[in-house]
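**Student:** My file is entry_18.cif. It has mmCIF, C-alpha atoms and all ligand atoms:
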data_model
#
loop_
_atom_site.group_PDB
_atom_site.id
_atom_site.type_symbol
_atom_site.label_atom_id
_atom_site.label_comp_id
_atom_site.auth_asym_id
_atom_site.auth_seq_id
_atom_site.Cartn_x
_atom_site.Cartn_y
_atom_site.Cartn_z
ATOM 1 C CA MET A 1 55.680 -31.319 15.359
ATOM 2 C CA GLY A 2 55.888 -32.569 18.906
ATOM 3 C CA LEU A 3 57.450 -29.494 20.418
ATOM 4 C CA ALA A 4 55.628 -30.148 23.644
ATOM 5 C CA SER A 5 57.358 -33.540 23.989
ATOM 6 C CA PRO A 6 59.347 -34.115 27.178
ATOM 7 C CA ALA A 7 62.964 -33.017 27.214
ATOM 8 C CA ILE A 8 65.119 -35.472 25.319
ATOM 9 C CA ARG A 9 68.083 -36.727 27.324
ATOM 10 C CA TYR A 10 70.749 -38.910 25.846
ATOM 11 C CA PRO A 11 72.284 -41.567 28.043
ATOM 12 C CA GLU A 12 75.817 -41.588 26.651
ATOM 13 C CA PRO A 13 78.024 -38.520 26.380
ATOM 14 C CA VAL A 14 78.556 -37.136 22.865
ATOM 15 C CA PRO A 15 81.670 -35.045 22.213
ATOM 16 C CA ILE A 16 80.147 -31.691 21.315
ATOM 17 C CA LEU A 17 81.551 -28.172 21.436
ATOM 18 C CA ILE A 18 78.958 -25.382 21.502
ATOM 19 C CA THR A 19 80.313 -21.920 20.666
ATOM 20 C CA GLY A 20 78.685 -18.960 22.377
ATOM 21 C CA GLY A 21 78.146 -21.161 25.429
ATOM 22 C CA GLY A 22 76.867 -18.264 27.544
ATOM 23 C CA GLY A 23 74.028 -17.528 25.121
ATOM 24 C CA ARG A 24 70.341 -18.185 25.440
ATOM 25 C CA LEU A 25 70.179 -21.168 23.112
ATOM 26 C CA ALA A 26 73.451 -22.740 24.267
ATOM 27 C CA ARG A 27 72.370 -22.601 27.909
ATOM 28 C CA GLU A 28 69.203 -24.539 27.026
ATOM 29 C CA LEU A 29 71.088 -27.086 24.906
ATOM 30 C CA LEU A 30 73.915 -27.871 27.293
ATOM 31 C CA PRO A 31 71.867 -29.827 29.879
ATOM 32 C CA LEU A 32 70.175 -31.784 27.065
ATOM 33 C CA LEU A 33 73.436 -32.975 25.535
ATOM 34 C CA PRO A 34 75.596 -34.818 28.055
ATOM 35 C CA GLY A 35 79.210 -34.595 27.007
ATOM 36 C CA ALA A 36 78.756 -31.168 25.445
ATOM 37 C CA ILE A 37 80.882 -28.249 26.545
ATOM 38 C CA GLY A 38 79.942 -24.627 25.952
ATOM 39 C CA PRO A 39 82.792 -22.170 26.409
ATOM 40 C CA THR A 40 81.668 -18.586 26.836
ATOM 41 C CA ARG A 41 82.925 -15.774 24.665
ATOM 42 C CA ALA A 42 85.576 -14.998 27.310
ATOM 43 C CA GLU A 43 86.804 -18.595 27.004
ATOM 44 C CA LEU A 44 86.520 -18.946 23.227
ATOM 45 C CA ASP A 45 86.255 -15.888 21.005
ATOM 46 C CA VAL A 46 85.271 -17.014 17.511
ATOM 47 C CA THR A 47 86.861 -13.940 15.957
ATOM 48 C CA ASP A 48 90.264 -15.366 16.997
ATOM 49 C CA PRO A 49 91.186 -18.122 14.515
ATOM 50 C CA GLY A 50 93.918 -19.516 16.783
ATOM 51 C CA GLN A 51 91.545 -19.981 19.714
ATOM 52 C CA VAL A 52 88.962 -21.592 17.452
ATOM 53 C CA ASP A 53 91.464 -23.982 15.924
ATOM 54 C CA ALA A 54 92.763 -25.094 19.328
ATOM 55 C CA ALA A 55 89.253 -25.685 20.675
ATOM 56 C CA VAL A 56 88.119 -27.689 17.640
ATOM 57 C CA GLN A 57 91.335 -29.691 17.618
ATOM 58 C CA ALA A 58 90.855 -30.586 21.292
ATOM 59 C CA LEU A 59 87.270 -31.644 20.585
ATOM 60 C CA ALA A 60 88.316 -33.754 17.598
ATOM 61 C CA GLN A 61 90.990 -35.510 19.657
ATOM 62 C CA ARG A 62 88.519 -36.242 22.437
ATOM 63 C CA ALA A 63 86.006 -37.522 19.884
ATOM 64 C CA HIS A 64 88.438 -39.709 17.981
ATOM 65 C CA ALA A 65 89.699 -41.257 21.226
ATOM 66 C CA ALA A 66 86.084 -42.232 21.960
ATOM 67 C CA GLY A 67 85.555 -43.484 18.391
ATOM 68 C CA GLU A 68 82.920 -40.795 17.876
ATOM 69 C CA ASP A 69 82.161 -37.935 15.519
ATOM 70 C CA GLY A 70 83.115 -34.634 17.074
ATOM 71 C CA ILE A 71 80.298 -32.135 16.586
ATOM 72 C CA VAL A 72 80.754 -28.373 16.706
ATOM 73 C CA VAL A 73 77.499 -26.500 17.254
ATOM 74 C CA HIS A 74 78.216 -22.966 16.153
ATOM 75 C CA ALA A 75 75.742 -20.877 18.158
ATOM 76 C CA ALA A 76 77.943 -17.850 18.844
ATOM 77 C CA ALA A 77 76.717 -14.769 17.044
ATOM 78 C CA TYR A 78 76.155 -11.048 17.240
ATOM 79 C CA THR A 79 72.390 -11.222 17.687
ATOM 80 C CA ASP A 80 71.210 -7.689 18.488
ATOM 81 C CA VAL A 81 69.311 -6.947 15.284
ATOM 82 C CA ARG A 82 68.784 -3.254 15.995
ATOM 83 C CA ALA A 83 72.323 -2.533 17.244
ATOM 84 C CA ALA A 84 73.805 -4.352 14.235
ATOM 85 C CA GLU A 85 72.601 -1.565 11.944
ATOM 86 C CA ASP A 86 75.072 0.872 13.567
ATOM 87 C CA ASP A 87 77.692 -1.643 14.670
ATOM 88 C CA ARG A 88 78.215 -3.355 11.330
ATOM 89 C CA ASP A 89 81.881 -4.095 11.693
ATOM 90 C CA ALA A 90 81.471 -5.988 14.976
ATOM 91 C CA CYS A 91 78.467 -7.871 13.604
ATOM 92 C CA TYR A 92 80.356 -8.862 10.440
ATOM 93 C CA ARG A 93 83.464 -9.927 12.327
ATOM 94 C CA THR A 94 81.509 -12.195 14.658
ATOM 95 C CA ASN A 95 78.912 -13.613 12.298
ATOM 96 C CA VAL A 96 80.800 -13.895 9.021
ATOM 97 C CA LEU A 97 84.466 -14.085 9.950
ATOM 98 C CA GLY A 98 83.717 -16.061 13.126
ATOM 99 C CA THR A 99 81.855 -18.658 11.079
ATOM 100 C CA ARG A 100 84.719 -18.730 8.573
ATOM 101 C CA HIS A 101 87.128 -19.619 11.392
ATOM 102 C CA VAL A 102 84.819 -22.285 12.829
ATOM 103 C CA ALA A 103 84.170 -23.904 9.430
ATOM 104 C CA ALA A 104 87.875 -23.922 8.550
ATOM 105 C CA ALA A 105 88.753 -25.557 11.865
ATOM 106 C CA CYS A 106 86.045 -28.198 11.377
ATOM 107 C CA ALA A 107 87.381 -28.916 7.894
ATOM 108 C CA ARG A 108 90.949 -29.165 9.213
ATOM 109 C CA HIS A 109 90.168 -31.462 12.117
ATOM 110 C CA GLY A 110 87.386 -33.561 10.610
ATOM 111 C CA ALA A 111 84.629 -32.344 12.935
ATOM 112 C CA LEU A 112 81.025 -32.108 11.865
ATOM 113 C CA LEU A 113 79.695 -28.547 11.915
ATOM 114 C CA VAL A 114 76.145 -27.788 12.972
ATOM 115 C CA HIS A 115 75.799 -24.133 12.081
ATOM 116 C CA VAL A 116 72.875 -22.402 13.776
ATOM 117 C CA SER A 117 71.167 -20.197 11.215
ATOM 118 C CA THR A 118 67.949 -18.274 11.039
ATOM 119 C CA ASP A 119 64.662 -17.796 9.222
ATOM 120 C CA TYR A 120 65.876 -14.228 8.588
ATOM 121 C CA VAL A 121 68.017 -15.442 5.656
ATOM 122 C CA PHE A 122 64.742 -15.351 3.699
ATOM 123 C CA ALA A 123 63.081 -12.195 2.393
ATOM 124 C CA GLY A 124 59.915 -12.956 4.332
ATOM 125 C CA ASP A 125 57.497 -11.261 1.961
ATOM 126 C CA ALA A 126 53.837 -12.235 2.198
ATOM 127 C CA ASP A 127 53.149 -15.082 -0.260
ATOM 128 C CA PRO A 128 49.862 -16.993 0.040
ATOM 129 C CA GLU A 129 51.152 -19.803 -2.221
ATOM 130 C CA ARG A 130 54.192 -20.368 -0.024
ATOM 131 C CA ALA A 131 52.044 -20.159 3.100
ATOM 132 C CA ALA A 132 49.712 -22.810 1.656
ATOM 133 C CA ARG A 133 52.613 -25.220 1.188
ATOM 134 C CA GLY A 134 53.783 -24.739 4.765
ATOM 135 C CA GLY A 135 56.392 -21.989 4.470
ATOM 136 C CA TYR A 136 59.977 -21.738 3.270
ATOM 137 C CA ARG A 137 61.628 -25.022 2.351
ATOM 138 C CA GLU A 138 65.323 -25.740 2.790
ATOM 139 C CA ASP A 139 66.167 -25.191 -0.879
ATOM 140 C CA ASP A 140 64.127 -22.022 -1.375
ATOM 141 C CA GLU A 141 66.055 -19.012 -2.581
ATOM 142 C CA ARG A 142 67.483 -16.897 0.225
ATOM 143 C CA GLY A 143 67.377 -13.116 0.433
ATOM 144 C CA PRO A 144 67.094 -10.312 -0.241
ATOM 145 C CA THR A 145 67.548 -9.891 3.482
ATOM 146 C CA ARG A 146 65.716 -7.289 5.554
ATOM 147 C CA ASN A 147 68.466 -5.994 7.806
ATOM 148 C CA TYR A 148 72.198 -6.147 8.407
ATOM 149 C CA TYR A 149 72.082 -8.945 10.996
ATOM 150 C CA ALA A 150 70.157 -11.072 8.504
ATOM 151 C CA GLN A 151 72.661 -10.280 5.763
ATOM 152 C CA THR A 152 75.564 -11.431 7.938
ATOM 153 C CA LYS A 153 73.728 -14.637 8.820
ATOM 154 C CA LEU A 154 73.162 -15.296 5.108
ATOM 155 C CA LEU A 155 76.867 -14.752 4.438
ATOM 156 C CA ALA A 156 77.670 -16.954 7.438
ATOM 157 C CA GLU A 157 75.793 -19.840 5.806
ATOM 158 C CA ASP A 158 78.075 -19.486 2.787
ATOM 159 C CA GLU A 159 81.107 -19.541 5.069
ATOM 160 C CA ALA A 160 79.809 -22.644 6.856
ATOM 161 C CA ARG A 161 79.792 -24.505 3.534
ATOM 162 C CA ALA A 162 83.596 -24.697 3.745
ATOM 163 C CA ALA A 163 83.134 -27.545 6.229
ATOM 164 C CA PRO A 164 82.624 -30.720 4.158
ATOM 165 C CA ARG A 165 80.500 -32.320 6.887
ATOM 166 C CA ARG A 166 78.021 -29.672 7.886
ATOM 167 C CA LEU A 167 74.380 -29.091 8.708
ATOM 168 C CA LEU A 168 72.935 -25.599 8.379
ATOM 169 C CA LEU A 169 70.249 -25.661 11.044
ATOM 170 C CA ARG A 170 67.772 -22.855 10.397
ATOM 171 C CA THR A 171 65.570 -22.066 13.324
ATOM 172 C CA SER A 172 63.851 -19.267 15.222
ATOM 173 C CA PHE A 173 63.023 -18.825 18.876
ATOM 174 C CA ARG A 174 62.255 -16.403 21.690
ATOM 175 C CA PRO A 175 63.477 -16.238 25.264
ATOM 176 C CA ARG A 176 61.448 -18.120 27.888
ATOM 177 C CA GLU A 177 59.595 -14.960 28.918
ATOM 178 C CA TRP A 178 58.008 -12.567 26.410
ATOM 179 C CA PRO A 179 60.201 -9.498 26.949
ATOM 180 C CA TYR A 180 58.045 -6.736 25.396
ATOM 181 C CA ALA A 181 54.769 -4.992 26.190
ATOM 182 C CA SER A 182 53.535 -5.641 22.649
ATOM 183 C CA GLY A 183 53.596 -8.315 19.932
ATOM 184 C CA PHE A 184 53.220 -7.834 16.173
ATOM 185 C CA THR A 185 50.007 -9.027 14.595
ATOM 186 C CA ASP A 186 51.429 -8.540 11.084
ATOM 187 C CA VAL A 187 54.423 -10.878 11.274
ATOM 188 C CA ARG A 188 53.876 -14.609 10.635
ATOM 189 C CA THR A 189 56.519 -16.786 12.184
ATOM 190 C CA SER A 190 57.380 -20.328 13.183
ATOM 191 C CA GLN A 191 59.220 -19.070 16.240
ATOM 192 C CA THR A 192 58.535 -20.693 19.521
ATOM 193 C CA TYR A 193 59.998 -20.381 23.013
ATOM 194 C CA VAL A 194 63.589 -21.485 23.399
ATOM 195 C CA ASP A 195 62.832 -23.975 26.180
ATOM 196 C CA GLU A 196 60.184 -25.641 23.969
ATOM 197 C CA LEU A 197 62.436 -25.742 20.932
ATOM 198 C CA ALA A 198 65.714 -26.803 22.543
ATOM 199 C CA PRO A 199 64.762 -30.503 22.860
ATOM 200 C CA GLU A 200 63.997 -30.598 19.124
ATOM 201 C CA LEU A 201 67.261 -28.875 18.292
ATOM 202 C CA ALA A 202 69.187 -31.184 20.625
ATOM 203 C CA GLU A 203 67.702 -34.152 18.836
ATOM 204 C CA ALA A 204 68.629 -32.715 15.432
ATOM 205 C CA ILE A 205 72.196 -32.155 16.675
ATOM 206 C CA ARG A 206 72.400 -35.692 17.958
ATOM 207 C CA LEU A 207 71.119 -37.012 14.620
ATOM 208 C CA ALA A 208 73.299 -34.662 12.552
ATOM 209 C CA PRO A 209 75.912 -37.301 11.591
ATOM 210 C CA ALA A 210 73.171 -39.584 10.245
ATOM 211 C CA ILE A 211 71.400 -36.691 8.503
ATOM 212 C CA VAL A 212 74.593 -35.421 6.852
ATOM 213 C CA ALA A 213 75.478 -38.967 5.789
ATOM 214 C CA GLN A 214 72.290 -38.873 3.684
ATOM 215 C CA GLY A 215 73.644 -35.842 1.817
ATOM 216 C CA ILE A 216 71.346 -33.409 3.629
ATOM 217 C CA HIS A 217 73.138 -30.180 4.550
ATOM 218 C CA THR A 218 70.302 -27.790 5.401
ATOM 219 C CA LEU A 219 67.448 -28.410 7.827
ATOM 220 C CA HIS A 220 64.619 -26.347 9.254
ATOM 221 C CA VAL A 221 63.676 -27.022 12.876
ATOM 222 C CA ALA A 222 61.055 -24.654 14.252
ATOM 223 C CA GLY A 223 57.569 -24.446 15.733
ATOM 224 C CA ALA A 224 54.098 -24.302 14.241
ATOM 225 C CA PRO A 225 53.095 -21.245 12.178
ATOM 226 C CA THR A 226 51.600 -18.398 14.216
ATOM 227 C CA THR A 227 51.765 -14.627 14.488
ATOM 228 C CA VAL A 228 54.225 -12.926 16.795
ATOM 229 C CA PHE A 229 51.268 -11.539 18.753
ATOM 230 C CA GLU A 230 49.732 -14.991 19.287
ATOM 231 C CA LEU A 231 53.092 -16.365 20.319
ATOM 232 C CA ALA A 232 53.547 -13.524 22.812
ATOM 233 C CA ARG A 233 50.066 -14.035 24.228
ATOM 234 C CA ARG A 234 50.851 -17.638 25.181
ATOM 235 C CA ARG A 235 53.264 -16.465 27.873
ATOM 236 C CA LYS A 236 52.123 -12.871 28.422
ATOM 237 C CA PRO A 237 48.323 -12.834 28.308
ATOM 238 C CA ASP A 238 48.079 -9.036 28.614
ATOM 239 C CA VAL A 239 50.459 -8.321 25.716
ATOM 240 C CA ARG A 240 49.357 -5.429 23.479
ATOM 241 C CA PRO A 241 48.742 -6.085 19.762
ATOM 242 C CA ALA A 242 51.019 -3.910 17.624
ATOM 243 C CA SER A 243 52.292 -3.462 14.071
ATOM 244 C CA LYS A 244 55.833 -4.159 12.917
ATOM 245 C CA ALA A 245 55.946 -0.545 11.737
ATOM 246 C CA GLU A 246 56.754 0.243 15.394
ATOM 247 C CA ALA A 247 59.891 -1.918 15.360
ATOM 248 C CA GLY A 248 62.362 0.655 14.078
ATOM 249 C CA VAL A 249 63.997 -1.987 11.876
ATOM 250 C CA ASP A 250 62.719 -3.704 8.743
ATOM 251 C CA LEU A 251 61.012 -6.977 9.690
ATOM 252 C CA PRO A 252 59.490 -9.693 7.472
ATOM 253 C CA ASP A 253 55.761 -10.225 6.861
ATOM 254 C CA ASP A 254 55.909 -14.011 6.799
ATOM 255 C CA VAL A 255 59.017 -15.995 7.562
ATOM 256 C CA VAL A 256 57.424 -19.315 8.464
ATOM 257 C CA LEU A 257 59.780 -22.265 7.913
ATOM 258 C CA SER A 258 58.510 -25.560 6.582
ATOM 259 C CA THR A 259 59.626 -28.328 8.934
ATOM 260 C CA ALA A 260 58.359 -31.193 6.757
ATOM 261 C CA LEU A 261 61.853 -32.541 6.051
ATOM 262 C CA TRP A 262 62.735 -32.606 9.769
ATOM 263 C CA ARG A 263 59.502 -34.402 10.620
ATOM 264 C CA ARG A 264 60.228 -37.031 7.953
ATOM 265 C CA LEU A 265 63.809 -37.541 9.109
ATOM 266 C CA ARG A 266 62.798 -37.734 12.723
ATOM 267 C CA ASP A 267 60.125 -40.306 12.041
ATOM 268 C CA ALA A 268 62.572 -42.397 10.014
ATOM 269 C CA CYS A 269 65.274 -42.447 12.708
HETATM 270 N N1 LIG A 301 67.147 -15.647 19.030
HETATM 271 C C1 LIG A 301 66.607 -15.902 17.848
HETATM 272 O O1 LIG A 301 65.475 -15.551 17.565
HETATM 273 C C2 LIG A 301 67.370 -16.667 16.807
HETATM 274 C C3 LIG A 301 66.684 -17.108 15.695
HETATM 275 C C4 LIG A 301 67.345 -17.870 14.766
HETATM 276 C C5 LIG A 301 68.685 -18.137 14.912
HETATM 277 N N2 LIG A 301 69.339 -17.661 15.983
HETATM 278 C C6 LIG A 301 70.755 -17.978 16.091
HETATM 279 O O2 LIG A 301 70.913 -18.828 17.213
HETATM 280 C C7 LIG A 301 72.221 -18.638 17.754
HETATM 281 C C8 LIG A 301 72.129 -18.375 19.253
HETATM 282 O O3 LIG A 301 71.345 -17.204 19.455
HETATM 283 P P1 LIG A 301 70.840 -16.739 20.898
HETATM 284 O O4 LIG A 301 69.473 -16.218 20.736
HETATM 285 O O5 LIG A 301 71.120 -17.786 21.909
HETATM 286 O O6 LIG A 301 71.748 -15.465 21.080
HETATM 287 P P2 LIG A 301 72.547 -14.926 22.340
HETATM 288 O O7 LIG A 301 71.809 -15.192 23.593
HETATM 289 O O8 LIG A 301 72.903 -13.522 21.981
HETATM 290 O O9 LIG A 301 73.837 -15.844 22.328
HETATM 291 C C9 LIG A 301 74.896 -15.638 21.441
HETATM 292 C C10 LIG A 301 76.150 -15.872 22.222
HETATM 293 O O10 LIG A 301 77.270 -15.647 21.338
HETATM 294 C C11 LIG A 301 78.252 -14.988 22.104
HETATM 295 N N3 LIG A 301 79.192 -14.272 21.269
HETATM 296 C C12 LIG A 301 79.069 -13.064 20.683
HETATM 297 N N4 LIG A 301 80.214 -12.756 20.049
HETATM 298 C C13 LIG A 301 81.055 -13.795 20.233
HETATM 299 C C14 LIG A 301 82.371 -14.064 19.837
HETATM 300 N N5 LIG A 301 83.073 -13.188 19.106
HETATM 301 N N6 LIG A 301 82.940 -15.239 20.214
HETATM 302 C C15 LIG A 301 82.243 -16.128 20.959
HETATM 303 N N7 LIG A 301 81.002 -15.919 21.393
HETATM 304 C C16 LIG A 301 80.406 -14.768 21.014
HETATM 305 C C17 LIG A 301 77.491 -14.044 22.984
HETATM 306 O O11 LIG A 301 78.323 -13.655 24.056
HETATM 307 P P3 LIG A 301 78.087 -12.226 24.782
HETATM 308 O O12 LIG A 301 76.773 -12.360 25.475
HETATM 309 O O13 LIG A 301 79.255 -12.115 25.677
HETATM 310 O O14 LIG A 301 78.054 -11.212 23.679
HETATM 311 C C18 LIG A 301 76.323 -14.914 23.411
HETATM 312 O O15 LIG A 301 76.648 -15.660 24.562
HETATM 313 C C19 LIG A 301 72.844 -17.495 16.950
HETATM 314 O O16 LIG A 301 73.635 -18.037 15.924
HETATM 315 C C20 LIG A 301 71.647 -16.800 16.352
HETATM 316 O O17 LIG A 301 71.985 -16.110 15.162
HETATM 317 C C21 LIG A 301 68.728 -16.941 16.947
#
Translate this file's structure into structure tokens.
**Tutor:**
Amino acid sequence: MGLASPAIRYPEPVPILITGGGGRLARELLPLLPGAIGPTRAELDVTDPGQVDAAVQALAQRAHAAGEDGIVVHAAAYTDVRAAEDDRDACYRTNVLGTRHVAAACARHGALLVHVSTDYVFAGDADPERAARGGYREDDERGPTRNYYAQTKLLAEDEARAAPRRLLLRTSFRPREWPYASGFTDVRTSQTYVDELAPELAEAIRLAPAIVAQGIHTLHVAGAPTTVFELARRRKPDVRPASKAEAGVDLPDDVVLSTALWRRLRDAC
């Protein structure tokens, strides 16, 4: 996939609301999607159904006035995988209940929901047959999940299905800089760096109304298969090879996502 393609910029503004606007992914997406707004958690707390409803209603009104589809990109989440093990209530409230509120508001106000999900909804066991066919496909069975964060993201997908017009966008990415001294040689991934992936995700968001109109509700957008160590080495050449046994939390062996459907859709549009 052309992840190295130049940043995609859209000429006309699209009415888009991105939750978790202060987050890593949202900050990359906002400049790529003119017309998008990204309230921070202080401005829009997804655990508060009243705040969510008001924000989605305002988006829908703005969109309808422009004769457009309003799109809600639900990127807000409790994302600290290690901390989630001890802070389960907060993680559940944000990831599961927060998504419930966002999906309900989208259903109520006719907005299209793009729910940002993760490769971690899959078990991620090593499977040479699956690897040979390019990784997990959209309709592969999810779970059993490896950790509590992953479990809440799986449940969040189920909550997102309450929005009739929805796209579950499964992806995986890292911050611009490799943040650790080491990288795991025993985890296969289709993660890439957030600044490389954001243009692809922005394009998928922009195309979401057309994709959903085809009856497609789940889509994988990610990078090329690699190991976490190789990925780390691209931006931190002196990174130390390590094993996931050092992580302190259960991590998958191979969670590569097949992006064949996305490539087909993109080529057809
Ligand atoms: N990073 C990855 O590898 C990865 C992979 C696949 C999918 N994803 C998904 O991609 C999305 C964005 O992740 P990210 O890496 O950009 O994470 P991030 O940097 O942690 O951003 C998440 C944002 O959500 C906000 N947030 C937390 N609780 C909230 C609440 N109750 N109401 C509103 N906002 C809230 C956070 O605000 P505070 O900073 O104030 O807490 C933060 O700004 C998430 O849905 C994540 O599950 C991430």
**Student:** Kindly assemble as CSV a list of the range 132-183 of chain A residues that lie within 9 Å of range 220-230 of chain A, each paired with its nearest atom pair and their distance in Å to one decimal, using only C-alpha atoms, sorted first by chain and then by ascending residue number.
**Tutor:**
residue,atom,partner,partner_atom,distance
A:Gly134,CA,A:Pro225,CA,8.2
A:Gly135,CA,A:Pro225,CA,8.4
A:Tyr136,CA,A:His220,CA,8.9
A:Arg137,CA,A:His220,CA,7.6
A:Glu138,CA,A:His220,CA,6.5
A:Leu168,CA,A:His220,CA,8.4
A:Leu169,CA,A:His220,CA,5.9
A:Arg170,CA,A:His220,CA,4.8
A:Thr171,CA,A:Ala222,CA,5.3
A:Ser172,CA,A:Ala222,CA,6.1
A:Phe173,CA,A:Ala222,CA,7.7
A:Ser182,CA,A:Phe229,CA,7.4
A:Gly183,CA,A:Phe229,CA,4.1
**Student:** Hey, could you make a per-residue contact list for chain A against ligand LIG 301 (chain A) with 6 Å as the cut-off, showing the nearest pair of atoms and its distance in Å to one decimal, counting all atoms listed in the file, sorted by chain and number, as CSV?
**Tutor:**
residue,atom,partner,partner_atom,distance
A:Gly20,CA,A:LIG301,O10,3.7
A:Gly21,CA,A:LIG301,O15,5.8
A:Gly22,CA,A:LIG301,O15,4.0
A:Gly23,CA,A:LIG301,O15,3.3
A:Arg24,CA,A:LIG301,O5,3.6
A:Leu25,CA,A:LIG301,O5,3.7
A:Ala26,CA,A:LIG301,O5,6.0
A:Arg41,CA,A:LIG301,C15,3.8
A:Leu44,CA,A:LIG301,C15,5.6
A:Asp45,CA,A:LIG301,N6,3.5
A:Val46,CA,A:LIG301,N6,4.0
A:Thr47,CA,A:LIG301,N5,5.0
A:Ala75,CA,A:LIG301,O16,4.2
A:Ala76,CA,A:LIG301,O10,3.4
A:Ala77,CA,A:LIG301,O10,4.4
A:Tyr78,CA,A:LIG301,C12,4.9
A:Thr79,CA,A:LIG301,O8,4.9
A:Thr94,CA,A:LIG301,N5,4.8
A:Val116,CA,A:LIG301,O16,4.9
A:Ser117,CA,A:LIG301,C5,4.9
A:Thr118,CA,A:LIG301,C4,3.8
A:Thr171,CA,A:LIG301,C4,4.8
A:Ser172,CA,A:LIG301,C3,3.6
A:Phe173,CA,A:LIG301,O1,4.3
A:Arg174,CA,A:LIG301,O1,5.3
**Student:** I'd like the interatomic distance between CA of Phe184 in chain A and CA of Ala131 in chain A, to a tenth of an Å.
**Tutor:**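 That distance, rounded to one decimal, is 18.0 Å.
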**Student:** Which of these, A:Gly248, A:Pro164, A:Pro237, A:Pro15, has the shortest distance to Gly67 in chain A once you count only C-alpha atoms?
**Tutor:**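 Among the listed residues, the smallest separation from Gly67 in chain A belongs to A:Pro15.
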**Student:** With distances taken over only C-alpha atoms, which residue among A:Ala232, A:Leu32, A:Cys91, A:Val121 lies nearest Gln151 in chain A?
**Tutor:**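 Counting only C-alpha atoms, the residue closest to Gln151 in chain A is A:Val121.
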**Student:** At what distance in Å, to one decimal, does CA of Ile211 in chain A lie from CA of Cys269 in chain A?
**Tutor:**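 Value for the CA of Cys269 in chain A-CA of Ile211 in chain A distance: 9.4 Å.
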**Student:** Restricting the calculation to all atoms listed in the file, which member of A:Thr99, A:Thr152, A:Thr259, A:Thr189 is positioned closest to Pro49 in chain A?
**Tutor:**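 For Pro49 in chain A, the nearest of the given residues is A:Thr99.
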**Student:** Evaluated on this file, the PyMOL selection byres (((chain A and resi 207) around 12) and not hetatm) picks out some residues - which ones are they, written as a VMD selection string?
**Tutor:** chain A and resid 10 14 33 69 71 112 114 167 169 200 to 206 208 to 214 216 219 262 265 to 269
**Student:** Kindly give the distance, in Å, that separates CA of Ala126 in chain A and CA of Arg233 in chain A, rounded to a single decimal.
**Tutor:** 22.4 Å
